[in-house]
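Undergrad: This is the structure I have questions about; it appears just below.
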Amino acid sequence: MRMQRQSKPLLTAVLFLILCGTVYGRLISDLVSDGVDTHRVLPFLRLGAAAEEACEQTYGFMPCTTTALGNLFLILVYGYLMFMAATYLSGGSELLLEILGPGIVGGLFLPILGALPDAMLILVSGLSGSAETAQSQVSVGMGLLAGSTVMLLTVIWGSCIIVGKCDLEDNLAKDNQDTKGFSLAGSGVSTDIWTTYAGIIMAISVIPFVIVQLPQMLNSNSGRHLAVLIGLIVSVLLLISYCLYQVFQPWVQKRKLDYIKHRHVMSGILKHLKKHALGRLCTEDGRPNVEVLSKLFKAIDDDADGYLSHTELRALVVGIQFNEINLNHNDAVDKVMKEFDTTQDSRIDIDEFVAGVAKWLEEAKGANDSSNHGADSTKYIDAFHMQTKRQHFLLGEQSEEGEEGEEENSRSITVKAVLLLLLGTVIAAAFADPLVDAVQNFSNATRIPTFFISFIALPLATNSSEAVSAIIFASRKKLRSASLTFSELYGAVTMNNVLCLSVFLALVYARGLVWDFSSEVLVILIVCIVMGVFASIRTTFPLWTSFVAFLLYPLSLALVYVLDYVFGWS
């Protein structure tokens, strides 16, 4: 999901926007605070501004204004800069991943860097000024946290379903086949089993929200500070656990894929033997039919020496043609040889062959309900073969698909990646505080609560790069691309729920702020749990599920408004 980026033009655009913001902000600031007759200023420039007010410049030199229009302009400028920071961080991370591969980079640095812009904004929202100022500004951080989570799991999630939909057959999406149009139940997206795990982890990551909310649920004021500390500890532990899981996941994934691939080879060989056997593989009492298996053994034993060699087994496996999986024939034969060759003499005699096939038949029976099949080996072997084929499909083998060639060597790519990461980090750190100030000033000028401004506007700045990449990647209409897309979305929300929340709770605890975000927490819990349940109970998402996701976004905003301003929760 790499976006082609040209650093020089983008950096020029950034500097131009900074200059525009400086000139525009100083012009409005001068008009308001330097004695100019404000009645001559156009009305839309004075919206919400008092003539005698003077704005406070961030860092002592950044542009500022007390008007609604001026702060809206600054929000757009700083928001674009935060978008650029997210873009640089994303680009640098993916380049680094290309060189160093998954594990530490993919499991630790990528998730943290992806959440860095959000974490920066949350940090500065409650770090500067007095405790009273921090308390008033911290709602910006909570709005961003809730808004990012809700946007990723509703608008972006639903959009990925629409652009990635394929025809559904046997409850599975057919790659690159989209002939059913906007059929609510006949088209949709399928993901692999690892995406299901990512959804379950995302649902688990809301535990710190529940912990910190417990005192308010119990109408207790005495334990709020302690609940924040416990929630912070749990959030940090979940963050560490999630990073460790991501580090070791490629290894676990490869082991499970190898296991399922071996089971599919096993079922394919059984199906092949059943097809070419002159009789049933099992007797009436369910035992292996030694006579039939002996004839099959002799048919495979080309040199008639009474043993099956590695070469003869390989000929058998190659002849079966496992086209539906990416199979390493030598590795597959090695596994079969290891399982059958109990004497470890690198060859299989007739007794080992019969015992090995008998073991496989028992495993095939155990994997299916063979109570109605009796001694008929045909049905449960076919069912076992289809089961292993589906399992392999849902594991989503991570074969590379058309990687774009890089002319640069690994050293130059690494340098470029580091520079992009540094540039993104510097931009995010530099402009997070001015953006929070602009949101606060815009809220003061328009009387719109800061939560709603940060809920709607800030996620567009910090997550838009990730969102566009996810939608583009989902449009490839393949199981693998859909799986990576939704895994990325679930992972981004998980990092919001553990990393960004850890930063937020650390601020609340260290500065002695009041945790009073019941409605916001409820929205996060509802959206994460609903979408987490979706992800955990199914691997295929029909088109109708996208509309459920879309509806959750306006419902979330309406719920916060009703709870806060009708029932007075905050």
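Residue numbering restarts at 1 for every chain of the structure tokens, chains are lettered A, B, ... in their displayed order, and ligands are numbered from 1 as they appear.
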Using only C-alpha atoms, which protein or nucleic acid residues come within 9 Å of Val521 (chain A)? Drop anything in the same chain fewer than 2 positions from it, and give the result as a ChimeraX atom specification.

TA: /A:146,209-210,213,517-519,523-526

Undergrad: Store the residues picked out above, limited to N, CA and C atoms, as a PDB file, in the first residue's frame.

TA:
ATOM      1  N   ALA A 146     -11.906   9.263  20.100  1.00  0.00           N
ATOM      2  CA  ALA A 146     -13.194   8.666  19.743  1.00  0.00           C
ATOM      3  C   ALA A 146     -13.465   8.801  18.253  1.00  0.00           C
ATOM      4  N   PHE A 209     -10.928   1.092  28.948  1.00  0.00           N
ATOM      5  CA  PHE A 209     -12.046   2.039  28.994  1.00  0.00           C
ATOM      6  C   PHE A 209     -13.063   1.626  30.045  1.00  0.00           C
ATOM      7  N   VAL A 210     -13.348   0.336  30.104  1.00  0.00           N
ATOM      8  CA  VAL A 210     -14.317  -0.168  31.087  1.00  0.00           C
ATOM      9  C   VAL A 210     -13.794   0.046  32.502  1.00  0.00           C
ATOM     10  N   GLN A 213     -13.940   3.624  33.665  1.00  0.00           N
ATOM     11  CA  GLN A 213     -15.314   4.109  33.747  1.00  0.00           C
ATOM     12  C   GLN A 213     -16.082   3.516  34.931  1.00  0.00           C
ATOM     13  N   PHE A 517     -15.823  11.468  30.817  1.00  0.00           N
ATOM     14  CA  PHE A 517     -16.092  11.228  29.401  1.00  0.00           C
ATOM     15  C   PHE A 517     -16.977   9.996  29.225  1.00  0.00           C
ATOM     16  N   SER A 518     -18.047   9.927  29.981  1.00  0.00           N
ATOM     17  CA  SER A 518     -18.905   8.736  29.960  1.00  0.00           C
ATOM     18  C   SER A 518     -19.511   8.494  28.590  1.00  0.00           C
ATOM     19  N   SER A 519     -20.065   9.526  27.966  1.00  0.00           N
ATOM     20  CA  SER A 519     -20.723   9.332  26.674  1.00  0.00           C
ATOM     21  C   SER A 519     -19.718   8.957  25.591  1.00  0.00           C
ATOM     22  N   VAL A 523     -19.629   5.445  23.377  1.00  0.00           N
ATOM     23  CA  VAL A 523     -19.593   5.380  21.911  1.00  0.00           C
ATOM     24  C   VAL A 523     -18.470   4.467  21.434  1.00  0.00           C
ATOM     25  N   ILE A 524     -17.269   4.622  22.025  1.00  0.00           N
ATOM     26  CA  ILE A 524     -16.133   3.775  21.649  1.00  0.00           C
ATOM     27  C   ILE A 524     -16.448   2.309  21.928  1.00  0.00           C
ATOM     28  N   LEU A 525     -17.046   2.024  23.088  1.00  0.00           N
ATOM     29  CA  LEU A 525     -17.372   0.642  23.442  1.00  0.00           C
ATOM     30  C   LEU A 525     -18.383   0.051  22.464  1.00  0.00           C
ATOM     31  N   ILE A 526     -19.427   0.808  22.149  1.00  0.00           N
ATOM     32  CA  ILE A 526     -20.463   0.293  21.254  1.00  0.00           C
ATOM     33  C   ILE A 526     -19.886  -0.030  19.884  1.00  0.00           C
TER      34      ILE A 526
END

Undergrad: Among region 117-345 of chain A, which ones does DSSP assign to strand (DSSP E or B) (computed from the backbone)? Answer as a ChimeraX atom specification.

TA: /A:166-169,172-173,187-190,282,288,308

Undergrad: Write the residues of the preceding selection, restricted to all heavy atoms, as a CSV table (one decimal), in the first residue's frame.

TA:
chain,number,residue,atom,x,y,z
A,166,CYS,N,-16.9,-8.6,-4.0
A,166,CYS,CA,-16.8,-9.6,-5.1
A,166,CYS,C,-18.0,-10.5,-5.0
A,166,CYS,O,-18.8,-10.4,-4.0
A,166,CYS,CB,-15.5,-10.5,-5.0
A,166,CYS,SG,-14.0,-9.5,-5.1
A,167,ASP,N,-18.3,-11.3,-6.0
A,167,ASP,CA,-19.4,-12.3,-5.9
A,167,ASP,C,-19.2,-13.3,-4.8
A,167,ASP,O,-18.1,-13.8,-4.6
A,167,ASP,CB,-19.5,-13.0,-7.3
A,167,ASP,CG,-19.9,-12.0,-8.4
A,167,ASP,OD1,-20.4,-10.9,-8.1
A,167,ASP,OD2,-19.7,-12.4,-9.6
A,168,LEU,N,-20.2,-13.6,-4.1
A,168,LEU,CA,-20.2,-14.6,-3.0
A,168,LEU,C,-20.7,-15.9,-3.5
A,168,LEU,O,-21.8,-16.0,-4.0
A,168,LEU,CB,-21.0,-14.1,-1.8
A,168,LEU,CG,-20.5,-12.8,-1.1
A,168,LEU,CD1,-21.4,-12.5,0.1
A,168,LEU,CD2,-19.1,-12.9,-0.6
A,169,GLU,N,-19.9,-16.9,-3.3
A,169,GLU,CA,-20.3,-18.3,-3.7
A,169,GLU,C,-19.9,-19.2,-2.5
A,169,GLU,O,-18.7,-19.2,-2.1
A,169,GLU,CB,-19.7,-18.8,-5.0
A,169,GLU,CG,-20.2,-18.0,-6.2
A,169,GLU,CD,-19.5,-18.5,-7.5
A,169,GLU,OE1,-18.9,-19.6,-7.4
A,169,GLU,OE2,-19.7,-17.8,-8.5
A,172,LEU,N,-18.1,-17.5,0.3
A,172,LEU,CA,-16.8,-17.0,0.1
A,172,LEU,C,-16.8,-16.1,-1.1
A,172,LEU,O,-17.5,-16.3,-2.1
A,172,LEU,CB,-15.8,-18.2,-0.1
A,172,LEU,CG,-15.4,-19.1,1.1
A,172,LEU,CD1,-14.6,-20.2,0.6
A,172,LEU,CD2,-14.7,-18.3,2.1
A,173,ALA,N,-16.0,-15.0,-1.0
A,173,ALA,CA,-15.9,-14.1,-2.1
A,173,ALA,C,-14.9,-14.6,-3.2
A,173,ALA,O,-13.8,-15.1,-2.8
A,173,ALA,CB,-15.4,-12.7,-1.6
A,187,SER,N,-23.1,-10.2,-2.9
A,187,SER,CA,-21.7,-9.7,-3.1
A,187,SER,C,-21.1,-9.2,-1.7
A,187,SER,O,-21.9,-8.9,-0.8
A,187,SER,CB,-21.7,-8.6,-4.1
A,187,SER,OG,-22.4,-7.5,-3.6
A,188,GLY,N,-19.8,-9.3,-1.6
A,188,GLY,CA,-19.2,-8.9,-0.3
A,188,GLY,C,-17.7,-9.1,-0.4
A,188,GLY,O,-17.1,-9.3,-1.4
A,189,VAL,N,-17.2,-9.2,0.8
A,189,VAL,CA,-15.7,-9.4,1.0
A,189,VAL,C,-15.4,-10.5,1.9
A,189,VAL,O,-16.1,-10.7,2.9
A,189,VAL,CB,-15.1,-8.1,1.6
A,189,VAL,CG1,-13.7,-8.3,2.0
A,189,VAL,CG2,-15.2,-6.9,0.6
A,190,SER,N,-14.4,-11.3,1.6
A,190,SER,CA,-13.9,-12.4,2.5
A,190,SER,C,-12.5,-12.0,3.0
A,190,SER,O,-11.7,-11.5,2.3
A,190,SER,CB,-13.9,-13.7,1.8
A,190,SER,OG,-15.2,-14.2,1.5
A,282,CYS,N,-11.2,-49.0,3.4
A,282,CYS,CA,-11.5,-49.6,4.7
A,282,CYS,C,-12.4,-50.8,4.5
A,282,CYS,O,-13.2,-50.9,3.6
A,282,CYS,CB,-12.3,-48.5,5.6
A,282,CYS,SG,-11.2,-47.1,6.1
A,288,PRO,N,-8.3,-50.6,8.0
A,288,PRO,CA,-7.7,-50.4,6.7
A,288,PRO,C,-7.8,-51.7,5.9
A,288,PRO,O,-7.5,-52.8,6.4
A,288,PRO,CB,-6.3,-49.9,7.0
A,288,PRO,CG,-6.0,-50.4,8.3
A,288,PRO,CD,-7.3,-50.3,9.1
A,308,LEU,N,9.0,-47.5,-0.9
A,308,LEU,CA,8.7,-46.2,-1.6
A,308,LEU,C,9.8,-45.2,-1.2
A,308,LEU,O,10.1,-44.9,0.0
A,308,LEU,CB,7.4,-45.6,-1.1
A,308,LEU,CG,6.1,-46.5,-1.4
A,308,LEU,CD1,4.9,-45.7,-1.0
A,308,LEU,CD2,6.1,-46.8,-2.9

Undergrad: Rank A:Phe322, A:Tyr307, A:Phe473, A:Phe541 by their smallest atom-to-atom distance to Val265 (chain A), using only C-alpha atoms, and report the top residue only.

TA: A:Phe322

Undergrad: Using only C-alpha atoms, which protein or nucleic acid residues come within 10 Å of Ile162 (chain A)? Drop anything in the same chain fewer than 6 positions from it, and give the result as a ChimeraX atom specification.

TA: /A:156,182,187-189,471,474-475,542-547

Undergrad: Take the residues from that selection and write them out as a PDB file, in the first residue's frame, keeping N, CA, C and O atoms.

TA:
ATOM      1  N   ILE A 156     -14.719   4.289   6.943  1.00  0.00           N
ATOM      2  CA  ILE A 156     -13.652   3.640   6.173  1.00  0.00           C
ATOM      3  C   ILE A 156     -13.930   2.158   6.011  1.00  0.00           C
ATOM      4  O   ILE A 156     -13.763   1.590   4.923  1.00  0.00           O
ATOM      5  N   PHE A 182     -24.716  -4.461  -6.857  1.00  0.00           N
ATOM      6  CA  PHE A 182     -24.889  -4.106  -5.451  1.00  0.00           C
ATOM      7  C   PHE A 182     -25.908  -5.027  -4.786  1.00  0.00           C
ATOM      8  O   PHE A 182     -26.843  -4.577  -4.128  1.00  0.00           O
ATOM      9  N   SER A 187     -23.054 -10.208  -2.884  1.00  0.00           N
ATOM     10  CA  SER A 187     -21.692  -9.720  -3.068  1.00  0.00           C
ATOM     11  C   SER A 187     -21.145  -9.246  -1.729  1.00  0.00           C
ATOM     12  O   SER A 187     -21.905  -8.882  -0.830  1.00  0.00           O
ATOM     13  N   GLY A 188     -19.837  -9.264  -1.612  1.00  0.00           N
ATOM     14  CA  GLY A 188     -19.222  -8.876  -0.350  1.00  0.00           C
ATOM     15  C   GLY A 188     -17.731  -9.132  -0.367  1.00  0.00           C
ATOM     16  O   GLY A 188     -17.107  -9.272  -1.426  1.00  0.00           O
ATOM     17  N   VAL A 189     -17.151  -9.233   0.816  1.00  0.00           N
ATOM     18  CA  VAL A 189     -15.703  -9.367   0.986  1.00  0.00           C
ATOM     19  C   VAL A 189     -15.415 -10.538   1.921  1.00  0.00           C
ATOM     20  O   VAL A 189     -16.129 -10.739   2.908  1.00  0.00           O
ATOM     21  N   ILE A 471      -8.511   1.993   1.280  1.00  0.00           N
ATOM     22  CA  ILE A 471      -9.548   1.896   0.252  1.00  0.00           C
ATOM     23  C   ILE A 471      -8.946   1.477  -1.092  1.00  0.00           C
ATOM     24  O   ILE A 471      -9.496   0.636  -1.807  1.00  0.00           O
ATOM     25  N   ALA A 474      -8.071  -2.190  -0.864  1.00  0.00           N
ATOM     26  CA  ALA A 474      -9.266  -3.044  -0.881  1.00  0.00           C
ATOM     27  C   ALA A 474      -9.834  -3.175  -2.285  1.00  0.00           C
ATOM     28  O   ALA A 474     -10.439  -4.202  -2.627  1.00  0.00           O
ATOM     29  N   SER A 475      -9.640  -2.160  -3.133  1.00  0.00           N
ATOM     30  CA  SER A 475     -10.186  -2.182  -4.483  1.00  0.00           C
ATOM     31  C   SER A 475      -9.524  -3.228  -5.371  1.00  0.00           C
ATOM     32  O   SER A 475      -9.995  -3.471  -6.493  1.00  0.00           O
ATOM     33  N   PRO A 542     -21.077  -9.707   3.733  1.00  0.00           N
ATOM     34  CA  PRO A 542     -21.919  -9.284   2.603  1.00  0.00           C
ATOM     35  C   PRO A 542     -22.025  -7.766   2.555  1.00  0.00           C
ATOM     36  O   PRO A 542     -21.712  -7.057   3.518  1.00  0.00           O
ATOM     37  N   LEU A 543     -22.517  -7.263   1.437  1.00  0.00           N
ATOM     38  CA  LEU A 543     -22.584  -5.820   1.223  1.00  0.00           C
ATOM     39  C   LEU A 543     -23.445  -5.125   2.264  1.00  0.00           C
ATOM     40  O   LEU A 543     -23.171  -3.974   2.631  1.00  0.00           O
ATOM     41  N   TRP A 544     -24.481  -5.789   2.775  1.00  0.00           N
ATOM     42  CA  TRP A 544     -25.367  -5.141   3.736  1.00  0.00           C
ATOM     43  C   TRP A 544     -24.653  -4.739   5.015  1.00  0.00           C
ATOM     44  O   TRP A 544     -25.080  -3.802   5.703  1.00  0.00           O
ATOM     45  N   THR A 545     -23.545  -5.411   5.346  1.00  0.00           N
ATOM     46  CA  THR A 545     -22.821  -5.061   6.567  1.00  0.00           C
ATOM     47  C   THR A 545     -22.196  -3.662   6.472  1.00  0.00           C
ATOM     48  O   THR A 545     -21.981  -3.014   7.492  1.00  0.00           O
ATOM     49  N   SER A 546     -21.919  -3.197   5.242  1.00  0.00           N
ATOM     50  CA  SER A 546     -21.334  -1.857   5.101  1.00  0.00           C
ATOM     51  C   SER A 546     -22.319  -0.784   5.551  1.00  0.00           C
ATOM     52  O   SER A 546     -21.919   0.232   6.123  1.00  0.00           O
ATOM     53  N   PHE A 547     -23.614  -1.004   5.321  1.00  0.00           N
ATOM     54  CA  PHE A 547     -24.613  -0.010   5.709  1.00  0.00           C
ATOM     55  C   PHE A 547     -24.801   0.018   7.228  1.00  0.00           C
ATOM     56  O   PHE A 547     -25.099   1.068   7.802  1.00  0.00           O
TER      57      PHE A 547
END

Undergrad: Can you pull out every residue within 9 Å of Val234 (chain A), counting only C-alpha atoms, but drop anything in the same chain fewer than 5 positions away, and send it as an NGL selection string?

TA: :A and (207-208 or 211 or 229 or 239 or 498 or 502)

Undergrad: Can you list, as a ChimeraX atom specification, every protein, DNA or RNA residue that comes within 6 Å of region 442-444 of chain A when you count only C-alpha atoms, leaving out same-chain residues fewer than 6 positions away?

TA: /A:68,71,450

Undergrad: One decimal, Å: what's the distance from CA of Cys55 (chain A) over to CA of Asp433 (chain A), could you say?

TA: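 CA of Asp433 (chain A) lies 14.8 Å from CA of Cys55 (chain A).
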
Undergrad: Please report as a tab-separated table every residue of region 166-276 of chain A lying within 12 Å of region 334-353 of chain A, along with the nearest atom pair and their distance in Å (one decimal), using only C-alpha atoms.

TA:
residue	atom	partner	partner_atom	distance
A:Asp258	CA	A:Lys335	CA	10.1
A:Tyr259	CA	A:Lys335	CA	10.0
A:Lys261	CA	A:Lys335	CA	10.6
A:His262	CA	A:Lys335	CA	7.4
A:Arg263	CA	A:Val336	CA	10.1
A:His264	CA	A:Val336	CA	11.7
A:Val265	CA	A:Val336	CA	8.8
A:Met266	CA	A:Val336	CA	8.0
A:Ser267	CA	A:Val336	CA	11.7
A:Ile269	CA	A:Val336	CA	10.1

Undergrad: Any idea what's packed within 12 Å of Gly129 (chain A), counting only C-alpha atoms, ignoring anything in its chain fewer than 6 positions away? Could you give it as a count of residues only?

TA: 9

Undergrad: Tell me, in Å to one decimal, how far CA of Leu144 (chain A) is from CA of Ala438 (chain A).

TA: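 Between these atoms lies a distance of 14.2 Å.
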
Undergrad: Compile the contact shell of region 89-93 of chain A as a short mmCIF file (atom, residue, chain, number, x, y, z; two decimals) with N, CA, C and O atoms, in the first residue's frame: residues with an atom at most 6 Å away, counting only C-alpha atoms, same-chain residues fewer than 3 positions apart removed.

TA:
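Ended up saving to result.cif:
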data_model
loop_
_atom_site.label_atom_id
_atom_site.label_comp_id
_atom_site.auth_asym_id
_atom_site.auth_seq_id
_atom_site.Cartn_x
_atom_site.Cartn_y
_atom_site.Cartn_z
N ALA A 86 1.46 12.23 8.81
CA ALA A 86 0.98 10.85 8.75
C ALA A 86 1.43 10.18 7.45
O ALA A 86 1.79 8.99 7.44
N LEU A 96 10.79 0.84 5.31
CA LEU A 96 11.58 0.11 6.28
C LEU A 96 11.13 -1.34 6.38
O LEU A 96 11.94 -2.26 6.52
N LEU A 110 5.77 -0.14 13.12
CA LEU A 110 4.68 0.30 12.25
C LEU A 110 3.42 0.70 13.02
O LEU A 110 2.86 1.76 12.77
N ALA A 417 13.91 5.95 4.10
CA ALA A 417 12.90 5.61 5.10
C ALA A 417 13.13 6.38 6.40
O ALA A 417 12.19 6.93 6.98
N LEU A 420 12.20 10.07 5.98
CA LEU A 420 10.75 10.25 5.98
C LEU A 420 10.19 10.13 7.39
O LEU A 420 9.30 10.90 7.79
N LEU A 421 10.70 9.17 8.15
CA LEU A 421 10.23 8.99 9.52
C LEU A 421 10.59 10.20 10.39
O LEU A 421 9.77 10.67 11.18
N GLY A 424 8.36 13.19 9.29
CA GLY A 424 7.00 13.03 9.78
C GLY A 424 6.89 13.26 11.27
O GLY A 424 5.95 13.91 11.75
#
